[in-house]
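Containing mmCIF, C-alpha atoms: entry-v1.cif.
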data_run
loop_
_atom_site.group_PDB
_atom_site.id
_atom_site.type_symbol
_atom_site.label_atom_id
_atom_site.label_comp_id
_atom_site.auth_asym_id
_atom_site.auth_seq_id
_atom_site.Cartn_x
_atom_site.Cartn_y
_atom_site.Cartn_z
ATOM 1 C CA MET C 1 71.299 -57.849 91.678
ATOM 2 C CA SER C 2 71.233 -54.285 90.343
ATOM 3 C CA ARG C 3 69.344 -51.718 92.381
ATOM 4 C CA PHE C 4 67.503 -48.669 91.111
ATOM 5 C CA ALA C 5 66.119 -45.702 92.999
ATOM 6 C CA ARG C 6 62.355 -45.278 92.916
ATOM 7 C CA SER C 7 62.517 -42.512 90.317
ATOM 8 C CA MET C 8 61.694 -42.042 86.656
ATOM 9 C CA GLY C 9 65.155 -40.541 86.420
ATOM 10 C CA GLU C 10 66.535 -44.075 86.714
ATOM 11 C CA ILE C 11 64.902 -45.303 83.497
ATOM 12 C CA GLU C 12 67.862 -44.486 81.260
ATOM 13 C CA ARG C 13 70.267 -46.371 83.543
ATOM 14 C CA LEU C 14 67.820 -49.265 83.736
ATOM 15 C CA LEU C 15 67.460 -49.478 79.972
ATOM 16 C CA SER C 16 71.211 -49.225 79.471
ATOM 17 C CA ALA C 17 71.706 -52.234 81.735
ATOM 18 C CA VAL C 18 68.986 -54.247 79.991
ATOM 19 C CA THR C 19 70.227 -53.336 76.518
ATOM 20 C CA ALA C 20 73.827 -54.255 77.306
ATOM 21 C CA PHE C 21 72.788 -57.597 78.783
ATOM 22 C CA CYS C 22 70.527 -58.459 75.832
ATOM 23 C CA ARG C 23 73.181 -57.581 73.267
ATOM 24 C CA ALA C 24 75.843 -59.523 75.159
ATOM 25 C CA HIS C 25 73.650 -62.607 74.797
ATOM 26 C CA GLY C 26 72.963 -62.278 71.105
ATOM 27 C CA ALA C 27 69.454 -60.820 71.212
ATOM 28 C CA THR C 28 68.138 -59.393 67.961
ATOM 29 C CA ALA C 29 67.135 -55.733 67.698
ATOM 30 C CA ASP C 30 63.467 -56.691 68.101
ATOM 31 C CA GLU C 31 64.266 -58.793 71.180
ATOM 32 C CA VAL C 32 66.244 -55.930 72.684
ATOM 33 C CA PHE C 33 63.307 -53.594 72.058
ATOM 34 C CA ALA C 34 60.894 -56.063 73.677
ATOM 35 C CA CYS C 35 63.061 -56.377 76.786
ATOM 36 C CA GLU C 36 63.586 -52.619 77.055
ATOM 37 C CA LEU C 37 59.862 -52.006 76.749
ATOM 38 C CA ALA C 38 58.961 -54.668 79.319
ATOM 39 C CA ALA C 39 61.610 -53.346 81.717
ATOM 40 C CA GLU C 40 60.429 -49.751 81.498
ATOM 41 C CA GLU C 41 56.737 -50.606 81.822
ATOM 42 C CA LEU C 42 57.282 -52.813 84.880
ATOM 43 C CA PHE C 43 59.680 -50.376 86.527
ATOM 44 C CA THR C 44 57.331 -47.402 86.041
ATOM 45 C CA ASN C 45 54.518 -49.505 87.513
ATOM 46 C CA PHE C 46 56.582 -50.079 90.648
ATOM 47 C CA VAL C 47 57.435 -46.375 90.882
ATOM 48 C CA LYS C 48 53.845 -45.213 90.375
ATOM 49 C CA TYR C 49 52.045 -47.702 92.580
ATOM 50 C CA ASN C 50 54.465 -48.026 95.471
ATOM 51 C CA GLN C 51 55.479 -44.413 95.972
ATOM 52 C CA GLY C 52 55.852 -44.939 99.703
ATOM 53 C CA GLY C 53 58.435 -47.663 99.240
ATOM 54 C CA ILE C 54 61.708 -46.832 100.906
ATOM 55 C CA GLU C 55 63.930 -49.537 99.449
ATOM 56 C CA HIS C 56 65.414 -49.546 95.984
ATOM 57 C CA ILE C 57 63.874 -51.681 93.254
ATOM 58 C CA GLY C 58 65.966 -54.730 92.435
ATOM 59 C CA LEU C 59 66.616 -56.241 89.025
ATOM 60 C CA ASP C 60 68.154 -59.624 88.275
ATOM 61 C CA LEU C 61 69.004 -60.445 84.672
ATOM 62 C CA GLY C 62 69.542 -64.024 83.594
ATOM 63 C CA VAL C 63 69.767 -66.313 80.620
ATOM 64 C CA ALA C 64 68.933 -70.009 80.409
ATOM 65 C CA ALA C 65 67.549 -72.488 77.906
ATOM 66 C CA GLY C 66 67.534 -69.991 75.075
ATOM 67 C CA ALA C 67 65.661 -67.282 76.929
ATOM 68 C CA LEU C 68 66.414 -64.074 78.770
ATOM 69 C CA THR C 69 64.786 -63.426 82.128
ATOM 70 C CA MET C 70 64.324 -60.204 84.042
ATOM 71 C CA THR C 71 63.162 -60.342 87.651
ATOM 72 C CA PHE C 72 62.111 -57.162 89.416
ATOM 73 C CA THR C 73 61.842 -57.210 93.196
ATOM 74 C CA ASP C 74 60.052 -54.621 95.295
ATOM 75 C CA HIS C 75 59.682 -54.651 99.061
ATOM 76 C CA ASP C 76 56.977 -53.476 101.440
ATOM 77 C CA VAL C 77 54.384 -53.403 98.698
ATOM 78 C CA GLU C 78 50.647 -54.098 98.687
ATOM 79 C CA PRO C 79 49.474 -57.202 96.788
ATOM 80 C CA PHE C 80 49.064 -56.538 93.101
ATOM 81 C CA ASP C 81 47.554 -58.935 90.625
ATOM 82 C CA PRO C 82 47.976 -57.637 87.081
ATOM 83 C CA SER C 83 45.379 -60.080 85.812
ATOM 84 C CA GLU C 84 42.821 -57.927 87.619
ATOM 85 C CA ALA C 85 43.923 -54.798 85.772
ATOM 86 C CA PRO C 86 41.254 -53.496 83.399
ATOM 87 C CA ALA C 87 41.642 -54.907 79.908
ATOM 88 C CA VAL C 88 42.655 -52.585 77.108
ATOM 89 C CA ASP C 89 40.570 -52.840 73.958
ATOM 90 C CA VAL C 90 43.051 -51.808 71.292
ATOM 91 C CA THR C 91 40.373 -52.267 68.633
ATOM 92 C CA ALA C 92 37.986 -49.760 70.213
ATOM 93 C CA PRO C 93 37.024 -46.704 68.161
ATOM 94 C CA VAL C 94 39.228 -43.734 68.906
ATOM 95 C CA SER C 95 36.378 -41.946 70.688
ATOM 96 C CA GLN C 96 36.184 -44.814 73.179
ATOM 97 C CA ARG C 97 39.918 -45.244 73.780
ATOM 98 C CA ARG C 98 41.169 -44.040 77.127
ATOM 99 C CA PRO C 99 44.723 -43.056 77.971
ATOM 100 C CA GLY C 100 46.568 -45.344 80.351
ATOM 101 C CA GLY C 101 46.488 -49.052 81.001
ATOM 102 C CA LEU C 102 48.593 -49.799 77.966
ATOM 103 C CA GLY C 103 51.826 -50.618 79.772
ATOM 104 C CA LEU C 104 50.988 -54.072 81.132
ATOM 105 C CA TYR C 105 49.156 -54.894 77.917
ATOM 106 C CA LEU C 106 52.367 -54.230 75.996
ATOM 107 C CA VAL C 107 54.448 -56.275 78.424
ATOM 108 C CA ARG C 108 52.150 -59.260 77.872
ATOM 109 C CA ALA C 109 52.259 -58.730 74.113
ATOM 110 C CA TYR C 110 56.045 -58.546 73.870
ATOM 111 C CA VAL C 111 57.265 -61.241 76.261
ATOM 112 C CA ASP C 112 56.695 -64.987 76.327
ATOM 113 C CA GLU C 113 55.944 -65.338 80.027
ATOM 114 C CA LEU C 114 54.990 -63.000 82.847
ATOM 115 C CA LYS C 115 55.074 -64.399 86.376
ATOM 116 C CA TYR C 116 54.152 -62.727 89.667
ATOM 117 C CA GLU C 117 55.046 -63.910 93.161
ATOM 118 C CA TYR C 118 54.013 -62.184 96.378
ATOM 119 C CA THR C 119 55.395 -63.242 99.739
ATOM 120 C CA ASP C 120 55.745 -61.315 103.002
ATOM 121 C CA ARG C 121 54.992 -57.966 101.322
ATOM 122 C CA THR C 122 57.651 -58.616 98.687
ATOM 123 C CA LEU C 123 56.604 -58.656 95.054
ATOM 124 C CA MET C 124 58.710 -60.383 92.426
ATOM 125 C CA VAL C 125 57.841 -60.032 88.764
ATOM 126 C CA THR C 126 59.674 -62.180 86.239
ATOM 127 C CA VAL C 127 59.414 -61.855 82.497
ATOM 128 C CA THR C 128 60.874 -64.362 80.058
ATOM 129 C CA LYS C 129 61.774 -63.559 76.472
ATOM 130 C CA LYS C 130 62.791 -66.426 74.215
ATOM 131 C CA LEU C 131 65.665 -65.737 71.858
ATOM 132 C CA GLU C 132 65.596 -66.534 68.161
ATOM 133 C CA ALA C 133 69.211 -67.594 68.438
ATOM 134 C CA GLY C 134 68.133 -70.480 70.643
ATOM 135 C CA ASP C 135 70.244 -72.006 73.348
ATOM 136 C CA VAL C 136 72.645 -69.210 74.176
ATOM 137 C CA ARG C 137 74.977 -69.605 77.094
ATOM 138 C CA ASP C 138 75.771 -67.124 79.778
ATOM 139 C CA PRO C 139 79.445 -66.267 79.208
ATOM 140 C CA VAL C 140 79.729 -65.253 82.835
ATOM 141 C CA GLY C 141 77.959 -68.150 84.490
ATOM 142 C CA MET I 1 68.989 -38.606 74.604
ATOM 143 C CA PHE I 2 65.495 -37.477 73.695
ATOM 144 C CA GLU I 3 64.834 -34.294 71.731
ATOM 145 C CA ILE I 4 61.648 -32.696 70.476
ATOM 146 C CA ARG I 5 61.552 -29.579 68.322
ATOM 147 C CA TRP I 6 59.831 -27.915 65.421
ATOM 148 C CA GLY I 7 61.063 -28.776 61.951
ATOM 149 C CA ASP I 8 59.820 -27.409 58.662
ATOM 150 C CA ASP I 9 56.209 -27.129 57.549
ATOM 151 C CA ARG I 10 54.344 -27.904 60.813
ATOM 152 C CA THR I 11 56.492 -30.963 61.431
ATOM 153 C CA ILE I 12 57.559 -31.932 64.946
ATOM 154 C CA GLU I 13 60.869 -33.771 64.978
ATOM 155 C CA VAL I 14 61.411 -36.289 67.754
ATOM 156 C CA SER I 15 64.658 -38.167 68.189
ATOM 157 C CA GLY I 16 66.352 -40.558 70.563
ATOM 158 C CA ARG I 17 64.468 -42.506 73.200
ATOM 159 C CA PHE I 18 61.037 -41.355 74.319
ATOM 160 C CA THR I 19 60.735 -42.870 77.815
ATOM 161 C CA ALA I 20 58.532 -41.988 80.785
ATOM 162 C CA SER I 21 61.339 -39.804 82.119
ATOM 163 C CA GLU I 22 60.905 -37.500 79.109
ATOM 164 C CA MET I 23 57.199 -36.905 79.669
ATOM 165 C CA ASP I 24 57.488 -33.463 81.241
ATOM 166 C CA GLN I 25 59.590 -32.162 78.369
ATOM 167 C CA ALA I 26 57.361 -33.751 75.740
ATOM 168 C CA MET I 27 54.066 -32.618 77.235
ATOM 169 C CA ALA I 28 55.364 -29.086 77.746
ATOM 170 C CA PHE I 29 56.144 -29.030 74.027
ATOM 171 C CA PHE I 30 52.925 -30.712 72.867
ATOM 172 C CA GLU I 31 50.834 -28.266 74.906
ATOM 173 C CA THR I 32 52.185 -25.461 72.724
ATOM 174 C CA VAL I 33 50.815 -27.169 69.603
ATOM 175 C CA VAL I 34 47.480 -25.563 68.769
ATOM 176 C CA ASP I 35 47.134 -26.337 65.064
ATOM 177 C CA SER I 36 47.485 -29.338 62.750
ATOM 178 C CA ALA I 37 50.897 -30.973 62.882
ATOM 179 C CA THR I 38 52.812 -34.105 61.923
ATOM 180 C CA VAL I 39 55.294 -35.872 64.182
ATOM 181 C CA ASP I 40 58.326 -37.178 62.311
ATOM 182 C CA PHE I 41 59.723 -40.387 63.843
ATOM 183 C CA VAL I 42 62.646 -40.753 61.464
ATOM 184 C CA ASN I 43 65.216 -40.334 64.231
ATOM 185 C CA LEU I 44 63.215 -41.920 67.051
ATOM 186 C CA ASP I 45 64.677 -45.213 68.304
ATOM 187 C CA TYR I 46 62.287 -46.106 71.101
ATOM 188 C CA ILE I 47 58.970 -45.146 72.646
ATOM 189 C CA SER I 48 57.087 -46.652 75.581
ATOM 190 C CA SER I 49 53.461 -46.444 76.683
ATOM 191 C CA ALA I 50 54.196 -43.111 78.350
ATOM 192 C CA GLY I 51 55.166 -41.566 75.037
ATOM 193 C CA LEU I 52 52.225 -43.190 73.306
ATOM 194 C CA GLY I 53 50.000 -41.667 75.968
ATOM 195 C CA ALA I 54 51.407 -38.207 75.273
ATOM 196 C CA LEU I 55 50.760 -38.642 71.558
ATOM 197 C CA PHE I 56 47.248 -39.919 72.250
ATOM 198 C CA ALA I 57 46.354 -36.988 74.511
ATOM 199 C CA THR I 58 47.644 -34.496 71.964
ATOM 200 C CA HIS I 59 45.836 -36.265 69.126
ATOM 201 C CA ARG I 60 42.573 -36.141 71.070
ATOM 202 C CA ARG I 61 42.948 -32.466 71.940
ATOM 203 C CA LEU I 62 43.801 -31.377 68.406
ATOM 204 C CA THR I 63 41.293 -33.534 66.542
ATOM 205 C CA THR I 64 38.515 -32.478 68.920
ATOM 206 C CA ALA I 65 39.344 -28.905 67.921
ATOM 207 C CA GLY I 66 39.107 -29.844 64.240
ATOM 208 C CA HIS I 67 42.813 -30.161 63.508
ATOM 209 C CA THR I 68 44.900 -33.137 62.410
ATOM 210 C CA PHE I 69 47.793 -34.807 64.228
ATOM 211 C CA ARG I 70 49.675 -37.337 62.138
ATOM 212 C CA VAL I 71 52.859 -39.378 62.424
ATOM 213 C CA ARG I 72 55.372 -40.277 59.755
ATOM 214 C CA ASN I 73 58.550 -42.262 59.122
ATOM 215 C CA LEU I 74 58.057 -44.988 61.734
ATOM 216 C CA ASN I 75 60.684 -47.680 61.517
ATOM 217 C CA ARG I 76 59.560 -51.305 61.313
ATOM 218 C CA THR I 77 59.781 -51.869 65.079
ATOM 219 C CA LEU I 78 57.756 -48.787 65.959
ATOM 220 C CA ARG I 79 55.212 -49.501 63.212
ATOM 221 C CA GLU I 80 54.683 -52.908 64.842
ATOM 222 C CA LEU I 81 54.299 -51.220 68.241
ATOM 223 C CA PHE I 82 51.602 -48.976 66.774
ATOM 224 C CA ARG I 83 49.847 -52.037 65.363
ATOM 225 C CA ILE I 84 49.973 -53.991 68.630
ATOM 226 C CA SER I 85 48.747 -51.038 70.669
ATOM 227 C CA GLY I 86 45.982 -50.209 68.189
ATOM 228 C CA PHE I 87 47.491 -46.807 67.511
ATOM 229 C CA ASP I 88 47.468 -47.564 63.797
ATOM 230 C CA ARG I 89 43.678 -47.197 64.108
ATOM 231 C CA ILE I 90 44.006 -43.826 65.802
ATOM 232 C CA PHE I 91 46.743 -42.121 63.818
ATOM 233 C CA ASP I 92 47.128 -41.419 60.142
ATOM 234 C CA ILE I 93 50.577 -42.859 59.434
ATOM 235 C CA GLU I 94 52.450 -41.395 56.490
#

Could you rewrite the structure in this file as structure tokens?
Amino acid sequence: MSRFARSMGEIERLLSAVTAFCRAHGATADEVFACELAAEELFTNFVKYNQGGIEHIGLDLGVAAGALTMTFTDHDVEPFDPSEAPAVDVTAPVSQRRPGGLGLYLVRAYVDELKYEYTDRTLMVTVTKKLEAGDVRDPVG
Amino acid sequence: MFEIRWGDDRTIEVSGRFTASEMDQAMAFFETVVDSATVDFVNLDYISSAGLGALFATHRRLTTAGHTFRVRNLNRTLRELFRISGFDRIFDIE
């Protein structure tokens, strides 16, 4: 597991890790973009909404059955159900659009699966992105 | 590495990766924009919701004051991001 300090200053290191992993497993440029975007949006959510957290934010990257997975883990966090987040109406007239709330909307739009688990004040968020290339194998595992 | 600067003819050139960690730099720049302008994405590789939020706030401020705030030269990936986020309904895209 990679660990990242609870700081926006970690985003570049986070994205570098995600990008390298995606490319190593044959992801297309669009798939790399989708994973980078999902990683940044989820990470910034953890940083913003658990500012009192003292532990680093964990990230596990994996590949199986033709899909990449990213699992973020945060400790000592309040329950958070993203399905209860206010919906974003991207078709609303510009006068009715409000800033914010777009991050989780984009994560849902760009990945194939978004899964949340909450146990003993630990939140794990896993996103799955299927690869066009199909059944790639993890050269390490 | 993210950069934002004035180009020619009221064009704002952005380049690199516009992440949430670049918000302070970007907003400090955008707050100096007080007239119509166009943001040129030709050298921008990546933007997240944070960057989109900065563009949205600046668009709202300038258009409310009667100015325009456009974007141009989005690559295919970023054009799709604008479509998915509904920003193609907000911005004039050249």

Nearest residue to Leu114 in chain C from the set C:Phe80, C:Phe43, C:Ala38, C:Ala67 (distances using only C-alpha atoms): C:Ala38

Nearest residue to Asp24 in chain I from the set C:Gly103, C:Gly9, C:Gly62, C:Pro93 (distances using only C-alpha atoms):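 Among the listed residues, the smallest separation from Asp24 in chain I belongs to C:Gly9.
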
Expansion of the PyMOL selection byres ((chain I) within 9 of (chain C)) into residues, as a ChimeraX atom specification: /I:1,17,19-22,46-50,52-54,56-57,60,77,81,84-87,89-90

Contact residues around Trp6 in chain I with only C-alpha atoms at 12 Å, ignoring same-chain residues under 2 positions, as an MDAnalysis selection string: chainID I and resid 3:4 8:15 29:30 32:33 37:40

Length of the CA of Ala26 in chain I to CA of Arg6 in chain C vector [Å]: 21.3 Å

Selection as number ranges by chain: residues within 12 Å of (68.1, -62.4, 76.4), counting all atoms listed in the file: C: 18-36, 61-70, 111-112, 127-138

Residues as selected, C-alpha atoms, written as an mmCIF file, in the coordinates of the input, can you do that?
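Dumped to again-v4.cif:
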data_model
loop_
_atom_site.group_PDB
_atom_site.id
_atom_site.type_symbol
_atom_site.label_atom_id
_atom_site.label_comp_id
_atom_site.auth_asym_id
_atom_site.auth_seq_id
_atom_site.Cartn_x
_atom_site.Cartn_y
_atom_site.Cartn_z
ATOM 1 C CA VAL C 18 68.986 -54.247 79.991
ATOM 2 C CA THR C 19 70.227 -53.336 76.518
ATOM 3 C CA ALA C 20 73.827 -54.255 77.306
ATOM 4 C CA PHE C 21 72.788 -57.597 78.783
ATOM 5 C CA CYS C 22 70.527 -58.459 75.832
ATOM 6 C CA ARG C 23 73.181 -57.581 73.267
ATOM 7 C CA ALA C 24 75.843 -59.523 75.159
ATOM 8 C CA HIS C 25 73.650 -62.607 74.797
ATOM 9 C CA GLY C 26 72.963 -62.278 71.105
ATOM 10 C CA ALA C 27 69.454 -60.820 71.212
ATOM 11 C CA THR C 28 68.138 -59.393 67.961
ATOM 12 C CA ALA C 29 67.135 -55.733 67.698
ATOM 13 C CA ASP C 30 63.467 -56.691 68.101
ATOM 14 C CA GLU C 31 64.266 -58.793 71.180
ATOM 15 C CA VAL C 32 66.244 -55.930 72.684
ATOM 16 C CA PHE C 33 63.307 -53.594 72.058
ATOM 17 C CA ALA C 34 60.894 -56.063 73.677
ATOM 18 C CA CYS C 35 63.061 -56.377 76.786
ATOM 19 C CA GLU C 36 63.586 -52.619 77.055
ATOM 20 C CA LEU C 61 69.004 -60.445 84.672
ATOM 21 C CA GLY C 62 69.542 -64.024 83.594
ATOM 22 C CA VAL C 63 69.767 -66.313 80.620
ATOM 23 C CA ALA C 64 68.933 -70.009 80.409
ATOM 24 C CA ALA C 65 67.549 -72.488 77.906
ATOM 25 C CA GLY C 66 67.534 -69.991 75.075
ATOM 26 C CA ALA C 67 65.661 -67.282 76.929
ATOM 27 C CA LEU C 68 66.414 -64.074 78.770
ATOM 28 C CA THR C 69 64.786 -63.426 82.128
ATOM 29 C CA MET C 70 64.324 -60.204 84.042
ATOM 30 C CA VAL C 111 57.265 -61.241 76.261
ATOM 31 C CA ASP C 112 56.695 -64.987 76.327
ATOM 32 C CA VAL C 127 59.414 -61.855 82.497
ATOM 33 C CA THR C 128 60.874 -64.362 80.058
ATOM 34 C CA LYS C 129 61.774 -63.559 76.472
ATOM 35 C CA LYS C 130 62.791 -66.426 74.215
ATOM 36 C CA LEU C 131 65.665 -65.737 71.858
ATOM 37 C CA GLU C 132 65.596 -66.534 68.161
ATOM 38 C CA ALA C 133 69.211 -67.594 68.438
ATOM 39 C CA GLY C 134 68.133 -70.480 70.643
ATOM 40 C CA ASP C 135 70.244 -72.006 73.348
ATOM 41 C CA VAL C 136 72.645 -69.210 74.176
ATOM 42 C CA ARG C 137 74.977 -69.605 77.094
ATOM 43 C CA ASP C 138 75.771 -67.124 79.778
#

Residue with smallest distance to Leu42 in chain C - pool C:Arg108, C:His75, C:Arg121, C:His56, counting all atoms listed in the file: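 For Leu42 in chain C, the nearest of the candidates is C:Arg108.
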
Point-to-point distance in Å for CA of Leu74 in chain I and CA of Leu55 in chain I: 13.8 Å

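The gap separating CA of Asp88 in chain I from CA of Ala65 in chain I is 20.8 Å, in Å to one decimal.
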
Determine the axis-aligned bounding box of all atoms of range 63-78 of chain I present in the file, pad each side by 6 Å, and express its centre and edge lengths in Å to one decimal place as JSON.
{"center_x": 49.6, "center_y": -40.4, "center_z": 64.0, "size_x": 34.2, "size_y": 35.0, "size_z": 21.8}

Residue with smallest distance to Thr122 in chain C - pool C:Gln96, C:Thr73, C:Asn45, C:Ser16, counting all atoms listed in the file: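 Using all atoms listed in the file, Thr122 in chain C sits closest to C:Thr73.
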
Test item: the PyMOL selection byres ((chain C and resi 116) around 9) resolved as a PyMOL selection string: chain C and resi 80-82+114-115+117-118+123-127

Have range 32-41 of chain I completed to all heavy atoms, please, and pass it along as a CSV table (one decimal), keeping the file's coordinate frame.
chain,number,residue,atom,x,y,z
I,32,THR,N,52.1,-26.7,73.5
I,32,THR,CA,52.2,-25.5,72.7
I,32,THR,C,51.7,-25.6,71.3
I,32,THR,O,51.6,-24.7,70.5
I,32,THR,CB,53.7,-25.0,72.6
I,32,THR,OG1,54.4,-26.0,71.8
I,32,THR,CG2,54.3,-24.9,74.0
I,33,VAL,N,51.3,-26.9,71.0
I,33,VAL,CA,50.8,-27.2,69.6
I,33,VAL,C,49.3,-26.9,69.6
I,33,VAL,O,48.6,-27.6,70.3
I,33,VAL,CB,51.1,-28.6,69.2
I,33,VAL,CG1,50.6,-28.9,67.8
I,33,VAL,CG2,52.6,-28.9,69.3
I,34,VAL,N,48.9,-26.0,68.8
I,34,VAL,CA,47.5,-25.6,68.8
I,34,VAL,C,46.9,-25.7,67.4
I,34,VAL,O,45.7,-25.2,67.2
I,34,VAL,CB,47.3,-24.1,69.3
I,34,VAL,CG1,47.7,-24.1,70.8
I,34,VAL,CG2,48.1,-23.1,68.5
I,35,ASP,N,47.6,-26.2,66.4
I,35,ASP,CA,47.1,-26.3,65.1
I,35,ASP,C,47.6,-27.7,64.5
I,35,ASP,O,48.4,-28.4,65.2
I,35,ASP,CB,47.7,-25.2,64.2
I,35,ASP,CG,46.9,-24.9,63.0
I,35,ASP,OD1,46.0,-25.7,62.7
I,35,ASP,OD2,47.1,-23.8,62.4
I,36,SER,N,47.1,-28.1,63.3
I,36,SER,CA,47.5,-29.3,62.8
I,36,SER,C,49.0,-29.5,62.7
I,36,SER,O,49.7,-28.5,62.4
I,36,SER,CB,46.9,-29.5,61.3
I,36,SER,OG,45.5,-29.5,61.4
I,37,ALA,N,49.5,-30.7,62.9
I,37,ALA,CA,50.9,-31.0,62.9
I,37,ALA,C,51.2,-32.4,62.6
I,37,ALA,O,50.2,-33.3,62.7
I,37,ALA,CB,51.5,-30.6,64.2
I,38,THR,N,52.4,-32.7,62.2
I,38,THR,CA,52.8,-34.1,61.9
I,38,THR,C,54.1,-34.4,62.7
I,38,THR,O,55.0,-33.6,62.7
I,38,THR,CB,53.1,-34.3,60.4
I,38,THR,OG1,51.9,-34.1,59.7
I,38,THR,CG2,53.6,-35.7,60.2
I,39,VAL,N,54.1,-35.5,63.4
I,39,VAL,CA,55.3,-35.9,64.2
I,39,VAL,C,56.2,-36.8,63.3
I,39,VAL,O,55.7,-37.8,62.9
I,39,VAL,CB,54.9,-36.6,65.5
I,39,VAL,CG1,56.2,-36.9,66.3
I,39,VAL,CG2,53.9,-35.8,66.3
I,40,ASP,N,57.4,-36.4,63.1
I,40,ASP,CA,58.3,-37.2,62.3
I,40,ASP,C,59.2,-38.1,63.2
I,40,ASP,O,60.0,-37.6,64.0
I,40,ASP,CB,59.2,-36.2,61.5
I,40,ASP,CG,60.0,-37.0,60.4
I,40,ASP,OD1,60.2,-38.2,60.6
I,40,ASP,OD2,60.3,-36.4,59.4
I,41,PHE,N,59.0,-39.4,63.0
I,41,PHE,CA,59.7,-40.4,63.8
I,41,PHE,C,61.1,-40.8,63.2
I,41,PHE,O,61.6,-41.8,63.7
I,41,PHE,CB,58.8,-41.6,64.0
I,41,PHE,CG,57.8,-41.6,65.1
I,41,PHE,CD1,57.0,-40.5,65.2
I,41,PHE,CD2,57.6,-42.6,65.9
I,41,PHE,CE1,56.0,-40.4,66.2
I,41,PHE,CE2,56.6,-42.6,66.9
I,41,PHE,CZ,55.8,-41.5,67.1
